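What's in work37.txt: compact mmCIF, C-alpha atoms
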# COMPACT_ATOMS: atom_id res chain seq x y z
CA MET A 1 115.16 98.71 113.44
CA GLN A 2 111.66 98.47 112.03
CA ILE A 3 112.58 100.15 108.77
CA VAL A 4 114.86 97.22 107.88
CA ASN A 5 111.91 94.81 108.15
CA ARG A 6 109.81 97.09 105.96
CA MET A 7 112.54 97.13 103.33
CA LYS A 8 112.68 93.34 103.20
CA ALA A 9 108.92 93.09 103.03
CA ALA A 10 108.65 95.51 100.12
CA GLY A 11 109.66 92.91 97.57
CA GLY A 12 113.40 93.20 97.79
CA LEU A 13 114.01 96.90 98.22
CA MET A 14 117.43 95.93 99.47
CA VAL A 15 118.57 93.63 96.77
CA LEU A 16 122.18 93.88 95.68
CA ALA A 17 125.58 94.10 97.36
CA THR A 18 129.37 93.71 96.78
CA ALA A 19 132.27 95.77 95.39
CA LEU A 20 131.46 99.15 93.96
CA ALA A 21 135.19 99.18 94.01
CA GLY A 22 135.49 100.01 90.36
CA CYS A 23 132.41 100.59 88.29
CA GLY A 24 134.14 100.98 84.95
CA SER A 25 133.49 103.47 82.19
CA GLY A 26 130.06 103.50 80.68
CA ILE A 27 128.11 103.86 83.91
CA SER A 28 124.39 104.24 83.27
CA PHE A 29 122.05 105.99 85.69
CA ASN A 30 118.35 105.88 86.41
CA HIS A 31 115.95 106.99 89.13
CA ASP A 32 112.36 106.57 90.21
CA MET A 33 110.32 108.45 92.78
CA ASP A 34 106.92 108.58 94.41
CA PRO A 35 105.12 111.51 92.74
CA ALA A 36 103.15 112.09 95.93
CA ALA A 37 106.29 112.53 98.07
CA ASN A 38 106.71 116.04 99.45
CA PHE A 39 110.43 116.73 99.32
CA THR A 40 109.88 120.40 100.21
CA ARG A 41 109.53 119.50 103.89
CA PHE A 42 112.84 117.60 104.02
CA ALA A 43 115.91 119.10 105.64
CA THR A 44 117.61 116.31 107.64
CA TYR A 45 118.39 112.64 107.06
CA ALA A 46 119.89 109.61 108.78
CA TRP A 47 121.45 106.39 107.54
CA VAL A 48 119.52 103.12 107.85
CA GLN A 49 121.33 100.53 109.91
CA PRO A 50 122.07 97.64 107.53
CA PRO A 51 120.69 94.23 108.52
CA PRO A 52 122.99 91.67 110.17
CA SER A 53 125.13 89.90 107.61
CA THR A 54 128.09 87.61 107.27
CA ASP A 55 130.14 90.44 105.80
CA ALA A 56 131.56 93.40 107.65
CA ASN A 57 128.72 95.87 107.22
CA GLY A 58 125.63 94.20 105.78
CA ARG A 59 125.89 96.07 102.47
CA GLY A 60 128.19 93.55 100.82
CA VAL A 61 131.22 95.78 100.44
CA SER A 62 134.41 96.07 102.41
CA PRO A 63 134.52 98.60 105.28
CA LEU A 64 136.97 100.70 103.21
CA VAL A 65 134.57 100.90 100.27
CA ASP A 66 131.64 101.50 102.62
CA ARG A 67 133.35 104.52 104.18
CA ARG A 68 134.07 105.95 100.72
CA VAL A 69 130.47 105.48 99.59
CA VAL A 70 128.94 106.96 102.76
CA ALA A 71 131.28 109.97 102.56
CA ALA A 72 130.44 110.49 98.88
CA VAL A 73 126.69 110.30 99.54
CA ASP A 74 126.97 112.66 102.53
CA ALA A 75 128.86 115.15 100.33
CA GLN A 76 126.22 114.99 97.59
CA LEU A 77 123.39 115.53 100.08
CA ALA A 78 125.25 118.41 101.74
CA ALA A 79 125.73 120.03 98.32
CA LYS A 80 121.97 119.79 97.81
CA GLY A 81 121.32 121.49 101.16
CA TYR A 82 120.52 118.54 103.46
CA GLN A 83 122.05 117.92 106.87
CA LEU A 84 122.85 114.65 108.60
CA ALA A 85 120.61 114.49 111.68
CA THR A 86 122.46 114.36 114.98
CA THR A 87 119.42 114.64 117.24
CA GLY A 88 115.68 114.26 116.86
CA ALA A 89 113.76 112.46 114.14
CA PRO A 90 115.22 112.82 110.62
CA ASP A 91 112.99 113.82 107.73
CA PHE A 92 114.19 110.91 105.63
CA PHE A 93 116.33 107.79 105.87
CA ILE A 94 118.85 106.67 103.30
CA ASN A 95 120.56 103.40 102.49
CA TYR A 96 122.58 101.91 99.67
CA VAL A 97 123.22 98.38 98.51
CA PHE A 98 125.35 96.90 95.75
CA THR A 99 125.38 93.64 93.85
CA THR A 100 127.41 92.05 91.13
CA SER A 101 126.65 89.44 88.54
CA GLN A 102 128.93 87.72 86.08
CA GLN A 103 128.38 87.60 82.36
CA VAL A 104 130.24 85.04 80.26
CA ASP A 105 130.92 85.77 76.59
CA TYR A 106 132.56 83.34 74.18
CA SER A 107 134.80 84.15 71.27
CA THR A 108 135.82 81.57 68.66
CA TYR A 109 138.51 82.06 66.06
CA TYR A 110 139.85 79.74 63.41
CA THR A 111 143.42 79.26 62.32
CA GLY A 112 143.15 78.64 58.60
CA MET A 113 140.95 76.47 56.46
CA GLY A 114 141.87 72.92 55.70
CA TYR A 115 141.89 71.25 52.32
CA GLY A 116 140.00 68.03 52.09
CA GLY A 117 136.54 66.85 52.96
CA GLY A 118 134.40 69.95 53.01
CA TRP A 119 130.67 70.45 52.90
CA TYR A 120 130.37 69.16 49.36
CA GLY A 121 133.14 66.58 49.11
CA GLY A 122 136.60 67.76 48.06
CA GLY A 123 137.84 71.31 48.14
CA TYR A 124 138.16 73.89 50.86
CA GLY A 125 136.21 73.34 54.04
CA TRP A 126 136.51 72.74 57.76
CA GLY A 127 137.55 69.10 57.51
CA GLY A 128 141.23 69.37 56.62
CA GLY A 129 144.14 68.90 58.94
CA MET A 130 145.34 72.53 58.80
CA SER A 131 142.20 74.01 60.32
CA SER A 132 141.58 74.41 64.04
CA ALA A 133 139.13 76.35 66.14
CA HIS A 134 139.92 78.02 69.45
CA THR A 135 137.16 79.19 71.78
CA SER A 136 137.84 81.46 74.73
CA ALA A 137 135.50 82.48 77.50
CA TYR A 138 135.59 86.04 78.83
CA VAL A 139 133.98 86.82 82.17
CA THR A 140 132.71 90.35 82.81
CA THR A 141 131.56 91.44 86.25
CA ASN A 142 128.59 93.80 86.15
CA GLY A 143 127.63 95.87 89.17
CA THR A 144 124.46 97.68 90.22
CA PHE A 145 124.55 100.38 92.90
CA ILE A 146 121.18 101.27 94.43
CA VAL A 147 120.37 104.16 96.77
CA ASP A 148 116.99 104.09 98.51
CA VAL A 149 115.36 107.01 100.33
CA PHE A 150 112.54 106.42 102.83
CA ASP A 151 110.14 108.92 104.30
CA GLY A 152 111.09 109.56 107.93
CA HIS A 153 107.48 109.37 109.12
CA SER A 154 105.78 106.70 107.00
CA LYS A 155 109.01 104.72 106.33
CA ALA A 156 107.77 104.28 102.75
CA LEU A 157 110.22 104.16 99.86
CA ILE A 158 109.96 107.51 98.08
CA TRP A 159 113.06 107.69 95.85
CA ARG A 160 115.48 105.23 94.27
CA GLY A 161 118.58 105.99 92.24
CA THR A 162 120.69 103.41 90.42
CA ALA A 163 124.05 103.23 88.71
CA LYS A 164 125.05 100.27 86.56
CA GLY A 165 128.39 99.43 85.00
CA THR A 166 131.21 96.94 84.80
CA VAL A 167 133.33 96.34 87.87
CA ASP A 168 137.10 96.01 88.05
CA GLN A 169 137.69 94.20 91.33
CA ASN A 170 141.45 94.67 90.95
CA ALA A 171 141.27 98.45 90.62
CA ALA A 172 143.81 100.54 92.51
CA PRO A 173 142.45 102.43 95.56
CA GLU A 174 142.62 105.80 93.79
CA ASP A 175 140.66 104.38 90.84
CA ARG A 176 138.06 102.96 93.23
CA GLN A 177 137.70 106.35 94.86
CA GLU A 178 137.23 108.04 91.49
CA ARG A 179 134.62 105.51 90.31
CA ILE A 180 132.72 105.74 93.59
CA GLN A 181 132.62 109.54 93.22
CA GLN A 182 131.36 109.19 89.63
CA ALA A 183 128.73 106.58 90.52
CA VAL A 184 127.40 108.53 93.51
CA ALA A 185 127.43 111.92 91.75
CA GLY A 186 125.58 110.51 88.75
CA THR A 187 123.05 108.74 90.96
CA PHE A 188 122.24 111.91 92.92
CA GLU A 189 122.12 114.27 89.95
CA SER A 190 118.35 113.77 89.80
CA PHE A 191 117.76 114.00 93.55
CA PRO A 192 115.72 117.11 94.48
CA ASN A 193 117.55 120.02 96.07
CA LYS A 194 116.44 121.12 99.50
CA ALA A 195 113.64 123.67 99.33
CA ARG A 196 114.71 127.17 100.35
Now, as a test, write the supplied structure out as C-alpha cells.
Amino acid sequence: MQIVNRMKAAGGLMVLATALAGCGSGISFNHDMDPAANFTRFATYAWVQPPPSTDANGRGVSPLVDRRVVAAVDAQLAAKGYQLATTGAPDFFINYVFTTSQQVDYSTYYTGMGYGGGWYGGGYGWGGGMSSAHTSAYVTTNGTFIVDVFDGHSKALIWRGTAKGTVDQNAAPEDRQERIQQAVAGTFESFPNKAR
C-alpha cells in the first residue's frame, strides 16, 4: 500500500516495535498534531497494513498482543464517535508501532572498611583485607508505544500519540491486558472527539 512507503519516507514515522506486553507503572504520555488538520470532517477510519516483516504482524509484537492493542484502539475511537470503515474510502488511517530499548544501571556496595594502607598511609581506608566491593548490573527494559494518524486523502501524518514506560516482558496475560488498556487510553485522551 502506498501509505506504507510514505511512512518510511517521512523520516521514520514507523520507528519502534516489540512487546507492549507490560508497560509498567509510571507511563508518560505525549501527543503532537498538525494544526492545519481538519478533524471536524472525520467520521471513519481504517487500519494501515503493516509492512512485511520477519515477525508475525510487522508491528514487532506477538499476534496476541496485537489483537489486544487493536481492540483497545478501536474501543477508544468508538468512544470518541468514530467508526471503522467497512466500505468506501476512510477519512483517516491509523497505525501503531512499539519499540523497546535496554538501560543498564550499576550499583556498587562495600562490605566494611579495611584497616591498613589507606589514602594517607596507615589508618582506615580501602586497602585493608576486610574491605570488598560488589558491583551489580540491573537491566531495565523501556518501551515506547506510538500511534500515528494519517489523513485519508493526502496520506499526510496529522496526529501522533505516544506512551512511554518500563516493560515487564514476564507479565501475566491479565496484567498485559490492563497495561495495554492504560497505555492506549492515556494515548488517546488528547485525540479530538468526532464533531457532532
For Tyr96 in chain A, the closest of A:Ala133, A:Ala195, A:Ala75, A:Ala163 counting all atoms listed in the file is A:Ala163
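We find CA of His134 in chain A and CA of Gly26 in chain A to be spaced 29.5 Å apart.
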In Å to one decimal, how far is CA of Gly165 in chain A from CA of Ala71 in chain A? 20.7 Å
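In this comparison, which uses only C-alpha atoms, the residue of A:Gly152, A:Gly186, A:Pro63, A:Pro90 approaching Ala37 in chain A most closely is A:Gly152.
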Which value, in Å to one decimal, gives the distance between CA of Val167 in chain A and CA of Thr140 in chain A? 7.9 Å
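When all atoms listed in the file are used to measure the gap to Ala46 in chain A, the shortest distance among A:Ile146, A:Val73, A:Met33, A:Ile27 belongs to A:Val73.
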